[in-house]
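Asker: I'd like to ask some things about the structure below.
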Amino acid sequence: MPEITMPRLSDTMEEGTLIEWLVADGATVALGEVIAQIESDKANMPLEAWAEGTIRLLADPGMTLPVGARLAWIGDDGPPVAPVGPDSSRGERQAEPSVPAPAGAADASAAGRPRAKASPLARRLAAEHGIDLSTLAGTGPGRRITREDVERSVAERAAPSIPDAGTRVDRDGSGPEPAAAAGGSSVVALGRVQQTIARRMAESRATVPDFEVEIDVELDAAAALRESIAAIDGAVKPSVNDMIVRACALALRRYPRLNGSYRDEALVLHDDVNVGVAVAVPDALLVPVVTHADRRSLAEITTETRRLSDRARRGELTAAELSGGTFTVSNLGMFGVFAVTSIINRPQAAILGVGAIRDEVRRRDGELVDVSLCRLRLACDHRVVYGAEAAEFLSYVASLLERPPALLV
């Protein structure tokens with residue numbers, strides 16, 4: 001294939017930014033040679049040549065383009081259409097899928113005003129949410145309103161209204177007054193990955209009817225098992241989080257709805273159990289995926305999570321390592337917080353927040369005993385999972401952790 005286009009580097013990626021070309025225009029490239037760096041919604045990744053021959057560069061570094069947009073042409077005959085300027089195919093956004101606008105679409109044209117420039121998909125979403133397109137500022141080519149513009153408006157509508165940092169509301173309710181300046185402020189521009197995280201989390205909060213269940217798990221038996229494994233020559237000592245990933249993988253096999261997704265008013269049950277493990281990196285959060293986690297032993301999961309975490313911190317994760325997750329585990333216990341309320345990573349149906357291990361005293365058989373506890377908090381999409389099933393799932397995860405030899409089966 002002589003045409004090089006913007007690749008889909010993750011299952012959530014809709015557009016990417018061309019960071020830099022690593023080859024010169026007119027150079028000869030080999031099949032599989034790294035020719036550019038692309039920034040997706042999750043990380044920076046290399047772009048390899050899909051063919052060999054002379055390369056003609058059609059897009060400039062810094063351009064943000066939709067998946068499928070032309071970036072370069074490889075071949076001696078040259079591209080069928082050469083770029084001639086900013087309005088040419090060089091950097092042009094491809095049209096979004098044509099979707100008929102439903103009757104009564106929220107559009108300024110209905111009131112006799114000029115019809116807003118918007119993609120068909122943006123018009124449909126605006127009609128579904130009752131948004132007047134004339135009130136939106138388009139960010140697409142020629143100020144065209146895109147789907148992202150409408151989704152951003154939906155998220156802003158759902159966000160609670162709070163006074164600005166520089167505004168004070170009078171106690172008598174008479175209205176806001178300018179607050180006294182408390183010093184200078186600085187504005188920090190967000191990178192593309194940070195912007196994507198912010199947008200997706202806002203959209204999740206605005207569109208997913210979530211609920212939470214939680215449980216305290218005793219981890220004394222799990223700690224003893226970890227030490228027993230560490231005493232074996234050549235064995236890799238699992239972390240508590242590795243044991244939680246293993247327990248979740250087994251539970252997802254038993255409770256498949258937690259491994260599902262809500263899509264187009266239907267429930268999708270995934271055959272593969274792929275558990276994402278949240279990893280904090282500077283100014284971002286990445287979720288590499290342990291694929292087929294239900295088929296992996298505890299030792300295999302331990303090795304894989306360490307490999308993925310190391311690659312995440314070095315910025316070396318590939319698209320495949322970030323894609324396909326069906327469930328996520330987010331552990332902040334290492335920072336000493338006892339409970340974590342996580343935001344569901346759409347289109348997944350659930351995410352598990354893991355808190356710190358703490359020592360408490362419990363009464364058992366009439367005696368007070370010291371125990372190590374960890375709080376697990378499960379957030380679920382109520383369109384996919386109901387409360388009873390979520391509680392059963394979490395209880396089963398807890399039972400596996402409190403009887404950890406089951407994790408070795």
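Within each chain, counting starts at residue 1; across the structure tokens, chains are named A, B, ... in the order shown, with ligands numbered 1 upward in that order.
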Skipping near chain neighbours, those fewer than 6 positions away, what residues fall within 7 Å of Asp359 (chain A) using only C-alpha atoms, listed as JSON, numbers by chain?
Answerer: {"A": [370, 371, 372, 373]}
Asker: Next, write the just-selected residues to a file, as a PDB file, in the first residue's frame, keeping C-alpha atoms as the atom set.
Answerer:
```pdb
ATOM      1  CA  ASP A 370      -4.919  -7.567  64.535  1.00  0.00           C
ATOM      2  CA  VAL A 371      -5.736  -7.737  60.822  1.00  0.00           C
ATOM      3  CA  SER A 372      -4.482  -6.062  57.654  1.00  0.00           C
ATOM      4  CA  LEU A 373      -7.341  -4.582  55.631  1.00  0.00           C
TER       5      LEU A 373
END
```
Asker: Going by DSSP on the backbone, which residues of region 196-382 of chain A come out as alpha helix (DSSP H)? List them as a PyMOL selection string.
Answerer: chain A and resi 196-207+220-230+240-254+298-313+319-322
Asker: Based on the selection just made, write C-alpha atoms of those residues as an mmCIF file, in the first residue's frame.
Answerer:
```
data_model
loop_
_atom_site.group_PDB
_atom_site.id
_atom_site.type_symbol
_atom_site.label_atom_id
_atom_site.label_comp_id
_atom_site.auth_asym_id
_atom_site.auth_seq_id
_atom_site.Cartn_x
_atom_site.Cartn_y
_atom_site.Cartn_z
ATOM 1 C CA THR A 196 -7.773 13.643 25.960
ATOM 2 C CA ILE A 197 -7.815 12.377 29.554
ATOM 3 C CA ALA A 198 -9.737 15.473 30.665
ATOM 4 C CA ARG A 199 -12.257 15.175 27.839
ATOM 5 C CA ARG A 200 -12.844 11.458 28.245
ATOM 6 C CA MET A 201 -13.254 11.670 32.013
ATOM 7 C CA ALA A 202 -15.739 14.544 31.668
ATOM 8 C CA GLU A 203 -17.670 12.609 29.032
ATOM 9 C CA SER A 204 -17.741 9.526 31.246
ATOM 10 C CA ARG A 205 -19.107 11.473 34.201
ATOM 11 C CA ALA A 206 -21.683 13.155 31.958
ATOM 12 C CA THR A 207 -22.931 10.089 30.079
ATOM 13 C CA ASP A 220 -2.964 -11.411 56.061
ATOM 14 C CA ALA A 221 -3.224 -14.727 54.193
ATOM 15 C CA ALA A 222 -2.241 -13.002 50.942
ATOM 16 C CA ALA A 223 0.838 -11.509 52.616
ATOM 17 C CA ALA A 224 1.858 -14.943 53.915
ATOM 18 C CA LEU A 225 1.498 -16.427 50.434
ATOM 19 C CA ARG A 226 3.638 -13.661 48.941
ATOM 20 C CA GLU A 227 6.434 -14.427 51.389
ATOM 21 C CA SER A 228 6.163 -18.160 50.656
ATOM 22 C CA ILE A 229 6.540 -17.481 46.936
ATOM 23 C CA ALA A 230 9.494 -15.159 47.549
ATOM 24 C CA VAL A 240 -0.729 -7.228 46.183
ATOM 25 C CA ASN A 241 -1.904 -5.524 43.003
ATOM 26 C CA ASP A 242 -0.848 -8.547 40.935
ATOM 27 C CA MET A 243 -2.974 -10.741 43.188
ATOM 28 C CA ILE A 244 -5.902 -8.338 42.793
ATOM 29 C CA VAL A 245 -5.551 -8.425 38.989
ATOM 30 C CA ARG A 246 -5.546 -12.225 39.096
ATOM 31 C CA ALA A 247 -8.594 -12.299 41.398
ATOM 32 C CA CYS A 248 -10.477 -9.867 39.147
ATOM 33 C CA ALA A 249 -9.638 -11.900 36.048
ATOM 34 C CA LEU A 250 -11.084 -15.052 37.615
ATOM 35 C CA ALA A 251 -14.149 -13.156 38.829
ATOM 36 C CA LEU A 252 -14.754 -11.601 35.393
ATOM 37 C CA ARG A 253 -14.934 -15.094 33.934
ATOM 38 C CA ARG A 254 -17.675 -15.943 36.445
ATOM 39 C CA LEU A 298 -0.225 -15.382 38.967
ATOM 40 C CA ALA A 299 3.469 -15.584 38.071
ATOM 41 C CA GLU A 300 2.742 -14.664 34.448
ATOM 42 C CA ILE A 301 0.598 -11.720 35.514
ATOM 43 C CA THR A 302 3.360 -10.537 37.868
ATOM 44 C CA THR A 303 5.935 -10.628 35.078
ATOM 45 C CA GLU A 304 3.626 -8.925 32.593
ATOM 46 C CA THR A 305 2.515 -6.079 34.876
ATOM 47 C CA ARG A 306 6.136 -5.263 35.718
ATOM 48 C CA ARG A 307 7.090 -5.266 32.050
ATOM 49 C CA LEU A 308 4.170 -3.000 31.099
ATOM 50 C CA SER A 309 4.759 -0.610 34.012
ATOM 51 C CA ASP A 310 8.440 -0.235 33.110
ATOM 52 C CA ARG A 311 7.604 0.419 29.462
ATOM 53 C CA ALA A 312 4.915 2.947 30.445
ATOM 54 C CA ARG A 313 7.356 4.951 32.561
ATOM 55 C CA ALA A 319 -0.700 0.690 20.500
ATOM 56 C CA ALA A 320 -1.385 -3.000 21.111
ATOM 57 C CA GLU A 321 -0.284 -2.719 24.745
ATOM 58 C CA LEU A 322 -2.742 0.129 25.365
#
```
Asker: For Leu9 (chain A), which residue out of A:Val236, A:Val281, A:Leu219, A:Leu317 is the nearest one, using only C-alpha atoms?
Answerer: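 With only C-alpha atoms as the atom set, the closest residue is A:Leu317.
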